[in-house]
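Asks: This one is upload07.txt, compact mmCIF, C-alpha atoms.
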# COMPACT_ATOMS: atom_id res chain seq x y z
CA MET A 1 0.00 0.00 0.00
CA LYS A 2 1.49 3.31 -1.08
CA ASN A 3 0.14 5.67 1.54
CA PHE A 4 -0.05 5.41 5.28
CA ALA A 5 -3.79 5.38 5.18
CA LEU A 6 -6.43 4.50 2.72
CA LEU A 7 -8.93 7.21 2.40
CA PHE A 8 -12.12 6.25 0.68
CA PHE A 9 -14.69 8.70 -0.43
CA VAL A 10 -17.51 7.12 -2.25
CA ALA A 11 -20.49 8.75 -3.88
CA THR A 12 -23.37 6.61 -2.78
CA LEU A 13 -26.80 6.54 -4.33
CA SER A 14 -27.87 9.41 -2.13
CA PHE A 15 -24.83 11.34 -3.46
CA ALA A 16 -23.31 11.81 0.02
CA LEU A 17 -19.58 11.17 0.42
CA GLN A 18 -18.43 8.50 2.87
CA VAL A 19 -14.95 8.61 4.35
CA ASP A 20 -13.02 5.66 5.72
CA ILE A 21 -9.42 5.72 6.96
CA HIS A 22 -7.10 2.80 7.80
CA PRO A 23 -3.51 2.84 9.11
CA ASP A 24 -0.62 1.46 7.09
CA ASN A 25 2.63 -0.15 8.27
CA LYS A 26 4.90 1.17 5.54
CA ILE A 27 5.39 4.92 5.33
CA THR A 28 6.27 6.24 1.86
CA VAL A 29 6.23 9.77 0.44
CA THR A 30 6.03 10.58 -3.26
CA ASN A 31 6.87 13.72 -5.24
CA GLN A 32 3.16 14.15 -5.84
CA ASP A 33 2.63 14.28 -2.05
CA LYS A 34 5.36 16.88 -1.74
CA ASP A 35 3.90 19.04 -4.54
CA ALA A 36 0.42 18.79 -3.06
CA LEU A 37 1.68 20.00 0.33
CA LYS A 38 3.61 22.87 -1.29
CA SER A 39 0.55 24.05 -3.20
CA PHE A 40 -1.65 23.65 -0.09
CA LEU A 41 0.67 25.80 2.04
CA ALA A 42 1.04 28.41 -0.69
CA LYS A 43 -2.70 28.63 -1.32
CA PHE A 44 -4.01 28.72 2.23
CA TYR A 45 -1.10 30.20 4.19
CA ARG A 46 0.88 32.01 1.46
CA PHE A 47 3.83 30.07 2.78
CA HIS A 48 6.46 28.84 0.33
CA ILE A 49 8.60 25.90 1.36
CA ARG A 50 11.55 24.22 -0.34
CA ASP A 51 11.31 20.72 -1.81
CA GLN A 52 13.33 19.00 0.90
CA GLY A 53 11.44 20.82 3.65
CA ALA A 54 8.13 19.81 2.09
CA LEU A 55 9.23 16.17 1.80
CA ASN A 56 10.30 16.11 5.45
CA LEU A 57 7.07 17.74 6.55
CA VAL A 58 4.88 15.31 4.62
CA LYS A 59 6.83 12.37 6.00
CA GLY A 60 6.65 13.66 9.56
CA ASN A 61 2.93 14.37 9.34
CA ARG A 62 2.30 10.96 7.83
CA VAL A 63 4.15 9.15 10.61
CA LEU A 64 2.30 11.08 13.31
CA ALA A 65 -1.07 10.65 11.63
CA ASN A 66 -0.49 6.95 11.08
CA GLU A 67 0.47 6.48 14.72
CA TYR A 68 -2.63 8.32 15.83
CA VAL A 69 -4.94 6.24 13.61
CA LYS A 70 -3.33 3.01 14.94
CA SER A 71 -4.07 3.83 18.54
CA HIS A 72 -7.36 5.73 18.20
CA GLN A 73 -10.56 5.05 16.38
CA LEU A 74 -11.55 8.06 14.32
CA SER A 75 -14.64 9.55 15.87
CA LYS A 76 -17.74 10.34 13.87
CA ALA A 77 -16.93 14.03 14.34
CA ASP A 78 -13.42 13.50 12.89
CA LYS A 79 -14.86 11.73 9.87
CA THR A 80 -17.46 14.42 9.35
CA TYR A 81 -14.78 17.11 9.56
CA ILE A 82 -12.63 15.31 6.97
CA THR A 83 -15.65 14.78 4.73
CA ILE A 84 -16.53 18.46 4.88
CA GLN A 85 -12.96 19.36 3.88
CA ILE A 86 -13.03 16.97 0.95
CA GLU A 87 -16.40 18.32 -0.15
CA GLN A 88 -15.12 21.87 0.06
CA TYR A 89 -12.15 20.90 -2.09
CA LEU A 90 -14.36 19.16 -4.65
CA ALA A 91 -16.84 22.07 -4.70
CA ASP A 92 -13.93 24.43 -5.45
CA LYS A 93 -12.90 22.07 -8.22
CA PHE A 94 -16.44 22.24 -9.62
CA VAL A 95 -16.31 26.06 -9.67
CA GLN A 96 -12.89 26.07 -11.37
CA ASP A 97 -14.07 23.55 -13.94
CA PHE A 98 -17.28 25.50 -14.53
CA GLN A 99 -15.31 28.71 -15.10
CA ARG A 100 -12.92 26.97 -17.47
CA ARG A 101 -15.82 25.58 -19.51
CA ASN A 102 -17.65 28.93 -19.59
CA THR A 103 -15.50 31.24 -21.61
CA ILE A 104 -17.06 34.62 -22.24
CA SER A 105 -16.24 36.27 -25.56
CA ASP A 106 -15.60 39.98 -26.04
CA LYS A 107 -18.79 40.12 -28.06
CA VAL A 108 -20.88 38.83 -25.15
CA ALA A 109 -19.26 41.24 -22.68
CA LEU A 110 -19.50 44.20 -25.07
CA SER A 111 -23.19 43.58 -25.76
CA TYR A 112 -23.85 43.57 -22.00
CA TYR A 113 -21.92 46.83 -21.67
CA LEU A 114 -23.90 48.52 -24.45
CA ASP A 115 -27.22 47.45 -22.95
CA HIS A 116 -26.27 48.49 -19.39
CA LYS A 117 -24.31 51.66 -20.07
CA ASP A 118 -25.99 53.54 -17.24
CA ASP A 119 -24.34 51.12 -14.81
CA PHE A 120 -20.96 52.28 -16.10
CA LYS A 121 -21.28 56.03 -15.75
CA LYS A 122 -18.10 57.81 -14.75
CA SER A 123 -17.92 58.55 -11.02
CA ASP A 124 -18.38 62.00 -9.57
CA GLN A 125 -15.13 63.49 -8.24
CA VAL A 126 -14.57 65.51 -5.13
CA ASP A 127 -11.64 67.74 -4.12
CA THR A 128 -11.39 68.13 -0.35
CA VAL A 129 -9.28 69.44 2.51
CA LEU A 130 -9.51 67.70 5.87
CA PHE A 131 -9.12 69.36 9.28
CA VAL A 132 -8.35 66.79 11.96
CA PHE A 133 -8.98 67.62 15.64
CA ASN A 134 -8.05 65.59 18.72
CA ASP A 135 -10.99 67.01 20.61
CA PRO A 136 -14.54 66.75 19.17
CA GLU A 137 -15.67 69.84 21.06
CA LYS A 138 -12.95 71.91 19.40
CA ALA A 139 -14.06 70.57 16.01
CA VAL A 140 -17.63 71.72 16.64
CA ASP A 141 -16.43 75.13 17.81
CA PHE A 142 -14.17 75.44 14.77
CA TYR A 143 -17.01 74.50 12.43
CA THR A 144 -19.35 77.16 13.83
CA GLN A 145 -16.66 79.77 13.15
CA VAL A 146 -15.72 78.71 9.62
CA LYS A 147 -19.20 77.88 8.34
CA GLY A 148 -19.84 80.15 5.36
CA LYS A 149 -16.21 81.41 5.31
CA ASP A 150 -13.50 80.53 2.79
CA LEU A 151 -10.67 78.00 2.95
CA SER A 152 -7.82 80.42 3.75
CA TYR A 153 -9.74 81.77 6.75
CA ALA A 154 -10.17 78.20 8.03
CA GLN A 155 -6.50 77.37 7.41
CA ASN A 156 -5.41 80.33 9.55
CA LEU A 157 -7.89 79.56 12.29
CA ALA A 158 -6.87 75.88 12.35
CA LYS A 159 -3.46 76.92 13.74
CA GLU A 160 -5.15 78.31 16.87
CA TYR A 161 -6.92 74.99 17.36
CA ASN A 162 -3.79 72.91 16.79
CA ALA A 163 -5.64 71.04 14.06
CA THR A 164 -3.85 68.99 11.42
CA ILE A 165 -4.63 69.99 7.84
CA LYS A 166 -4.60 67.30 5.16
CA ASP A 167 -5.02 68.36 1.56
CA ILE A 168 -6.72 65.27 0.15
CA GLY A 169 -7.12 66.58 -3.42
CA TYR A 170 -9.33 64.88 -5.98
CA LYS A 171 -10.88 61.51 -5.24
CA LYS A 172 -13.56 59.47 -6.97
CA ILE A 173 -16.74 59.64 -4.94
CA ASP A 174 -16.92 55.85 -4.71
CA GLU A 175 -13.55 55.90 -2.92
CA VAL A 176 -14.95 58.12 -0.15
CA LYS A 177 -16.21 56.26 2.92
CA TYR A 178 -19.69 56.50 4.37
CA PRO A 179 -21.22 58.54 5.97
CA THR A 180 -19.13 61.34 4.38
CA ARG A 181 -19.93 60.03 0.91
CA ALA A 182 -23.66 60.22 1.56
CA PHE A 183 -23.41 63.91 2.60
CA LEU A 184 -21.28 64.78 -0.42
CA GLU A 185 -23.60 63.03 -2.86
CA LYS A 186 -26.61 64.71 -1.34
CA ASN A 187 -25.15 68.21 -1.54
CA LYS A 188 -23.29 67.92 -4.86
CA LYS A 189 -21.80 71.41 -4.45
CA SER A 190 -18.44 73.14 -4.01
CA ASN A 191 -16.81 75.54 -1.52
CA TYR A 192 -18.45 74.63 1.76
CA PHE A 193 -17.66 72.93 5.07
CA LEU A 194 -19.28 69.68 6.16
CA PRO A 195 -20.39 69.61 9.83
CA PRO A 196 -17.86 67.71 12.01
CA ILE A 197 -17.91 63.95 11.78
CA ILE A 198 -17.15 62.61 15.25
CA LEU A 199 -15.01 59.51 14.83
CA ASN A 200 -14.58 58.73 18.54
CA THR A 201 -14.25 60.58 21.85
CA SER A 202 -10.75 61.78 21.03
CA SER A 203 -10.93 62.79 17.39
CA ALA A 204 -13.16 64.52 14.88
CA ASP A 205 -12.86 65.75 11.29
CA VAL A 206 -14.16 68.83 9.54
CA LEU A 207 -14.13 68.52 5.77
CA TYR A 208 -13.91 71.40 3.35
CA VAL A 209 -15.29 70.60 -0.12
CA ARG A 210 -13.23 72.65 -2.53
CA SER A 211 -14.89 71.24 -5.61
CA TYR A 212 -17.53 68.67 -6.56
CA LYS A 213 -17.46 67.55 -10.18
CA LYS A 214 -20.23 65.45 -11.62
CA GLY A 215 -19.00 62.52 -13.68
CA ASN A 216 -19.56 62.96 -17.39
CA GLY A 217 -19.96 60.14 -19.86
CA TYR A 218 -19.23 56.46 -19.40
CA LYS A 219 -16.26 54.41 -18.34
CA PRO A 220 -14.67 52.84 -21.42
CA PHE A 221 -15.46 49.18 -22.14
CA LYS A 222 -11.80 48.20 -21.64
CA GLU A 223 -11.90 49.50 -18.08
CA VAL A 224 -14.97 47.51 -17.06
CA LYS A 225 -14.63 44.42 -19.23
CA GLU A 226 -13.23 42.19 -16.47
CA ASP A 227 -15.99 43.29 -14.06
CA ILE A 228 -18.61 42.42 -16.67
CA ILE A 229 -17.05 38.99 -17.24
CA LYS A 230 -17.08 38.34 -13.47
CA LEU A 231 -20.69 39.43 -13.22
CA LEU A 232 -21.84 37.26 -16.14
CA ARG A 233 -19.91 34.28 -14.72
CA LYS A 234 -21.55 34.80 -11.35
CA LYS A 235 -25.00 34.93 -12.93
CA THR A 236 -24.49 31.72 -14.90
CA PHE A 237 -22.87 29.99 -11.96
CA LEU A 238 -25.80 30.82 -9.65
CA LYS A 239 -28.20 29.54 -12.31
CA GLU A 240 -26.24 26.31 -12.65
CA ARG A 241 -26.08 25.96 -8.87
CA ASP A 242 -29.84 26.44 -8.52
CA LYS A 243 -30.40 23.84 -11.23
CA LEU A 244 -28.23 21.35 -9.35
CA LEU A 245 -29.87 22.10 -6.00
CA LYS A 246 -33.21 21.39 -7.64
CA LYS A 247 -31.88 18.18 -9.17
CA TYR A 248 -30.69 16.96 -5.76
CA GLY A 249 -33.89 18.10 -4.07
CA VAL A 250 -32.02 20.60 -1.87
CA LYS A 251 -33.75 23.90 -1.16
CA MET B 252 -9.57 52.07 -69.74
CA LYS B 253 -7.25 51.44 -66.78
CA ASN B 254 -7.94 54.92 -65.40
CA PHE B 255 -11.64 54.41 -65.85
CA LEU B 256 -11.50 51.20 -63.80
CA ILE B 257 -9.47 52.88 -61.06
CA ALA B 258 -12.04 55.69 -60.90
CA LEU B 259 -14.80 53.12 -60.70
CA LEU B 260 -13.10 51.11 -57.93
CA PRO B 261 -14.46 53.05 -54.90
CA LEU B 262 -17.99 52.73 -56.26
CA LEU B 263 -17.54 49.01 -56.88
CA LEU B 264 -16.15 48.53 -53.37
CA PHE B 265 -19.01 50.49 -51.83
CA THR B 266 -21.56 48.44 -53.76
CA ALA B 267 -19.84 45.21 -52.69
CA CYS B 268 -19.81 46.27 -49.01
CA THR B 269 -23.39 47.48 -48.89
CA PRO B 270 -25.76 44.63 -48.12
CA LYS B 271 -28.57 43.89 -50.52
CA LEU B 272 -31.96 44.20 -48.86
CA PRO B 273 -34.10 41.09 -48.92
CA SER B 274 -37.75 41.16 -49.84
CA TYR B 275 -40.43 39.42 -47.78
CA PRO B 276 -44.21 39.65 -48.16
CA GLU B 277 -44.80 40.01 -44.39
CA VAL B 278 -42.08 42.57 -43.57
CA SER B 279 -41.56 45.97 -45.17
CA TYR B 280 -39.69 49.21 -44.54
CA ASN B 281 -40.05 52.91 -45.11
CA LYS B 282 -38.11 53.55 -48.34
CA GLU B 283 -37.49 57.17 -47.33
CA ILE B 284 -35.07 56.18 -44.60
CA GLN B 285 -31.64 57.50 -45.44
CA GLN B 286 -29.43 54.53 -46.01
CA ASP B 287 -25.77 54.73 -45.18
CA SER B 288 -24.09 51.31 -45.01
CA LYS B 289 -24.61 50.91 -41.24
CA THR B 290 -28.30 51.76 -41.49
CA LYS B 291 -28.72 49.53 -44.52
CA LEU B 292 -27.20 46.66 -42.54
CA LEU B 293 -29.63 47.41 -39.70
CA VAL B 294 -32.62 47.43 -42.07
CA LYS B 295 -31.44 44.15 -43.57
CA ARG B 296 -31.12 42.56 -40.10
CA PHE B 297 -34.54 43.93 -39.11
CA LEU B 298 -36.23 42.53 -42.23
CA GLU B 299 -34.61 39.11 -41.79
CA TYR B 300 -35.31 38.97 -38.06
CA TRP B 301 -38.99 39.81 -38.34
CA HIS B 302 -39.36 37.51 -41.33
CA TYR B 303 -38.17 34.61 -39.15
CA ARG B 304 -40.36 35.66 -36.23
CA THR B 305 -43.38 35.95 -38.52
CA ILE B 306 -42.93 32.57 -40.15
CA GLY B 307 -42.23 31.05 -36.71
CA ASP B 308 -38.61 30.08 -37.36
CA MET B 309 -37.45 30.88 -33.82
CA LYS B 310 -34.16 29.03 -34.25
CA LYS B 311 -33.16 31.53 -36.94
CA ALA B 312 -34.52 34.50 -34.96
CA TRP B 313 -32.41 33.38 -31.97
CA GLU B 314 -29.25 34.06 -34.01
CA TYR B 315 -30.13 37.78 -34.17
CA GLU B 316 -30.54 38.25 -30.42
CA LEU B 317 -27.97 40.07 -28.26
CA PRO B 318 -24.94 37.85 -27.50
CA TYR B 319 -25.11 38.38 -23.72
CA GLN B 320 -28.82 37.52 -23.66
CA LYS B 321 -28.04 34.30 -25.50
CA TYR B 322 -25.22 33.60 -23.06
CA LEU B 323 -27.49 34.04 -20.05
CA SER B 324 -30.46 32.22 -21.53
CA ASP B 325 -30.87 29.18 -23.73
CA PHE B 326 -32.92 28.50 -26.81
CA LYS B 327 -35.53 26.39 -25.02
CA ARG B 328 -36.21 29.13 -22.50
CA TYR B 329 -36.18 31.78 -25.23
CA LYS B 330 -38.76 29.88 -27.23
CA GLY B 331 -40.94 29.67 -24.14
CA MET B 332 -40.81 33.38 -23.36
CA VAL B 333 -40.70 34.98 -26.83
CA GLY B 334 -43.55 33.87 -29.00
CA PRO B 335 -43.53 33.89 -32.81
CA SER B 336 -45.60 36.54 -34.61
CA ILE B 337 -47.33 34.26 -37.08
CA GLY B 338 -50.02 35.92 -39.21
CA SER B 339 -48.86 39.49 -38.57
CA LYS B 340 -47.23 41.99 -40.90
CA THR B 341 -44.43 44.23 -39.68
CA GLU B 342 -43.46 47.56 -41.14
CA LEU B 343 -40.31 49.51 -40.25
CA VAL B 344 -41.38 53.13 -39.82
CA LYS B 345 -38.49 55.02 -38.27
CA ILE B 346 -34.94 54.58 -36.96
CA GLU B 347 -33.43 56.69 -34.18
CA TYR B 348 -29.86 56.48 -32.87
CA PRO B 349 -29.63 57.48 -29.17
CA ALA B 350 -25.93 56.49 -29.36
CA ALA B 351 -23.60 55.45 -32.16
CA ASP B 352 -24.03 51.76 -31.33
CA GLU B 353 -27.68 51.83 -30.34
CA ALA B 354 -30.78 52.06 -32.53
CA ILE B 355 -34.44 52.36 -31.63
CA ILE B 356 -36.72 51.24 -34.43
CA THR B 357 -40.37 52.18 -34.51
CA ARG B 358 -42.43 49.53 -36.25
CA LYS B 359 -46.06 49.01 -37.05
CA VAL B 360 -47.59 45.62 -36.54
CA HIS B 361 -50.63 44.81 -38.65
CA LEU B 362 -52.74 42.10 -37.08
CA GLY B 363 -55.92 41.70 -39.12
CA LYS B 364 -57.61 45.09 -38.89
CA ASP B 365 -55.60 46.16 -35.86
CA VAL B 366 -52.45 48.23 -36.18
CA LEU B 367 -50.13 48.44 -33.18
CA THR B 368 -47.10 50.69 -32.85
CA LYS B 369 -44.15 48.94 -31.23
CA LYS B 370 -40.46 49.56 -30.77
CA ASP B 371 -37.32 47.49 -31.22
CA LYS B 372 -33.94 47.99 -29.57
CA TRP B 373 -30.85 47.02 -31.57
CA TYR B 374 -27.16 47.28 -30.67
CA TYR B 375 -24.19 47.33 -33.00
CA VAL B 376 -21.78 44.86 -31.43
CA LYS B 377 -18.34 44.69 -33.07
CA ASP B 378 -19.46 44.06 -36.65
CA ASN B 379 -23.20 43.60 -36.73
CA TRP B 380 -26.59 44.67 -35.34
CA TYR B 381 -28.26 42.53 -32.67
CA HIS B 382 -31.81 42.64 -31.39
CA LYS B 383 -32.72 42.87 -27.73
CA PHE B 384 -35.52 40.50 -26.86
CA TYR B 385 -38.23 40.93 -24.23
CA GLN B 386 -40.62 38.29 -22.97
CA THR B 387 -43.94 38.42 -24.82
CA ILE B 388 -45.91 35.78 -22.92
CA PHE B 389 -46.87 37.76 -19.82
CA PRO B 390 -48.19 41.33 -19.59
CA PRO B 391 -45.36 43.91 -19.47
CA GLU B 392 -43.73 44.36 -16.08
CA ASN B 393 -42.45 47.88 -16.72
CA GLU B 394 -42.63 50.75 -19.17
CA GLU B 395 -39.69 49.55 -21.21
CA GLU B 396 -41.21 46.11 -21.65
CA ALA B 397 -44.50 47.68 -22.65
CA GLN B 398 -42.79 49.62 -25.44
CA PHE B 399 -40.46 46.94 -26.72
CA GLN B 400 -42.36 43.72 -26.13
Can you turn what I pasted into structure tokens?
Replies:
Amino acid sequence: MKNFALLFFVATLSFALQVDIHPDNKITVTNQDKDALKSFLAKFYRFHIRDQGALNLVKGNRVLANEYVKSHQLSKADKTYITIQIEQYLADKFVQDFQRRNTISDKVALSYYLDHKDDFKKSDQVDTVLFVFNDPEKAVDFYTQVKGKDLSYAQNLAKEYNATIKDIGYKKIDEVKYPTRAFLEKNKKSNYFLPPIILNTSSADVLYVRSYKKGNGYKPFKEVKEDIIKLLRKKTFLKERDKLLKKYGVK
Amino acid sequence: MKNFLIALLPLLLFTACTPKLPSYPEVSYNKEIQQDSKTKLLVKRFLEYWHYRTIGDMKKAWEYELPYQKYLSDFKRYKGMVGPSIGSKTELVKIEYPAADEAIITRKVHLGKDVLTKKDKWYYVKDNWYHKFYQTIFPPENEEEAQFQ
């Protein structure tokens, strides 16, 4: 027997997998085992190991596992856990295989783009300056004084409050975090201060909106093509999945 | 003679590239529509498409539908949700271009004594015009469906 343990997973008539594990007396390790461990560590732990290290690790694990199986019966929980892992692995394989079989041509993606152009409008852009305070009360006080005034007035006043000034510059509106984004999108105007956003008890921000530019036109197809392909793949995959769930009587 | 042929070449090329419009008894078009090569190709696709829908050849009509719709659907489902238009006569009235690659066609559908005005949405994808289909079995779910069904 090549491996320390025989691991059976059998698709029965009810399509469930059954796992059975037996110990082995002769411990052997193949290059395939080594490669499998290397790819497992790289994929799940982003850890890269040398060939000899991988061989030693597989061998060591195999000896320990074999010894454990010899002296302990695998519990039902152990078997279920192993089954779940195998199923997860096979389900991932299904997804990979499905994606490989479902190539999406440029023509398909482009036709989706043309028919959903409104979904690909260029983002609004916002040019801002941020005043950071280490005391929320000071931020509120500062805001009441600068409200309706211009940026240079606020920049001078900020020195008295020991506030840090960060010139953010232009950003796409979809890169701005909520709730700030919601306020900006609601107002859609330039040259004004947003009321302080209290982040926690020891800091608060006052944002000056230097300019708000509405996005004109559409993002080019090239820029969104990969997103469209992902979206179409997801749609077809979910359809396929639903079909299979129905076939297996799973709701 | 050689010069004459060279002078004639652009015209010959244009004629070769411009599709010839088919003629069907159940589908017609407004002859006053200005016909550059892209529009002529659209009219040709329209005439062919509605010819197949009218004679009930849904397999052929399926080939004219938008590529992404075909990718997301399948022919069996399509046949179940888009019915043929057997017994009707379709007339292309007007073409509008909201964008360079998008065309809205106004068409009249003659069904016995009734005349209905409907619209078609077509997109120019890479090298040809493709029709956007809407389900025709159930009442329209929104305004767009009501117009284009």
Asks: Mind running chain B against chain A at 9 Å and telling me each contacting residue's nearest atom pair with the distance in Å (one decimal), counting only C-alpha atoms, chain and number ascending, as JSON lines?
Replies:
{"residue": "B:Leu317", "atom": "CA", "partner": "A:Ser111", "partner_atom": "CA", "distance": 6.4}
{"residue": "B:Pro318", "atom": "CA", "partner": "A:Val108", "partner_atom": "CA", "distance": 4.8}
{"residue": "B:Tyr319", "atom": "CA", "partner": "A:Val108", "partner_atom": "CA", "distance": 4.5}
{"residue": "B:Gln320", "atom": "CA", "partner": "A:Tyr112", "partner_atom": "CA", "distance": 8.0}
{"residue": "B:Lys321", "atom": "CA", "partner": "A:Val108", "partner_atom": "CA", "distance": 8.5}
{"residue": "B:Tyr322", "atom": "CA", "partner": "A:Val108", "partner_atom": "CA", "distance": 7.1}
{"residue": "B:Leu323", "atom": "CA", "partner": "A:Thr236", "partner_atom": "CA", "distance": 6.4}
{"residue": "B:Ser324", "atom": "CA", "partner": "A:Thr236", "partner_atom": "CA", "distance": 8.9}
{"residue": "B:Asp352", "atom": "CA", "partner": "A:Leu114", "partner_atom": "CA", "distance": 7.6}
{"residue": "B:Glu353", "atom": "CA", "partner": "A:Leu114", "partner_atom": "CA", "distance": 7.7}
{"residue": "B:Tyr374", "atom": "CA", "partner": "A:Leu114", "partner_atom": "CA", "distance": 7.1}
{"residue": "B:Tyr375", "atom": "CA", "partner": "A:Ser111", "partner_atom": "CA", "distance": 8.2}
{"residue": "B:Val376", "atom": "CA", "partner": "A:Ser111", "partner_atom": "CA", "distance": 6.0}
{"residue": "B:Lys377", "atom": "CA", "partner": "A:Lys107", "partner_atom": "CA", "distance": 6.8}
{"residue": "B:Tyr381", "atom": "CA", "partner": "A:Ser111", "partner_atom": "CA", "distance": 8.6}
{"residue": "B:Lys383", "atom": "CA", "partner": "A:Asp115", "partner_atom": "CA", "distance": 8.6}
Asks: Give me, as a list in words, all polymer residues having an atom no more than 8 Å from stretch 216-218 of chain A, counting all atoms listed in the file and skipping those fewer than 3 positions away in the same chain.
Replies: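 Final neighbour list, sorted by chain and number: Lys117, Asp118, Phe120, Lys121, Lys122, Ser123 and Asp124 of chain A.
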Asks: Between atom CA of A:Gln88 and atom CA of A:Phe47, what is the distance in Å, rounded to a tenth?
Replies: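 These two atoms are separated by 20.8 Å.
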Asks: Between atom CA of B:Asn281 and atom CA of B:Ile355, what is the distance in Å, rounded to a tenth?
Replies: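 Those two atoms sit 14.6 Å apart.
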Asks: Hey, can you check how far atom CA of B:Asn379 sits from atom CA of B:Tyr315?
Replies: 9.4 Å
Asks: Enclose stretch 224-236 of chain A, meaning all of its atoms listed in the file, in a box aligned along x, y and z, pad it by 3 Å on each side, and list the centre and edge lengths in Å to one decimal, as AutoDock Vina command-line options.
Replies:
--center_x -19.1 --center_y 39.6 --center_z -15.3 --size_x 17.8 --size_y 21.8 --size_z 13.9
Asks: Write out as a ChimeraX atom specification the residues lying within 8 Å of B:Gly307, counting only C-alpha atoms and excluding same-chain residues fewer than 6 positions away.
Replies: /B:335-337
Asks: Rank nothing, just name the residue among B:Trp380, B:Tyr300, B:Trp373, B:Tyr348 nearest to B:Glu277, using all atoms listed in the file.
Replies: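 Distance minimum relative to B:Glu277 lands on B:Tyr300.
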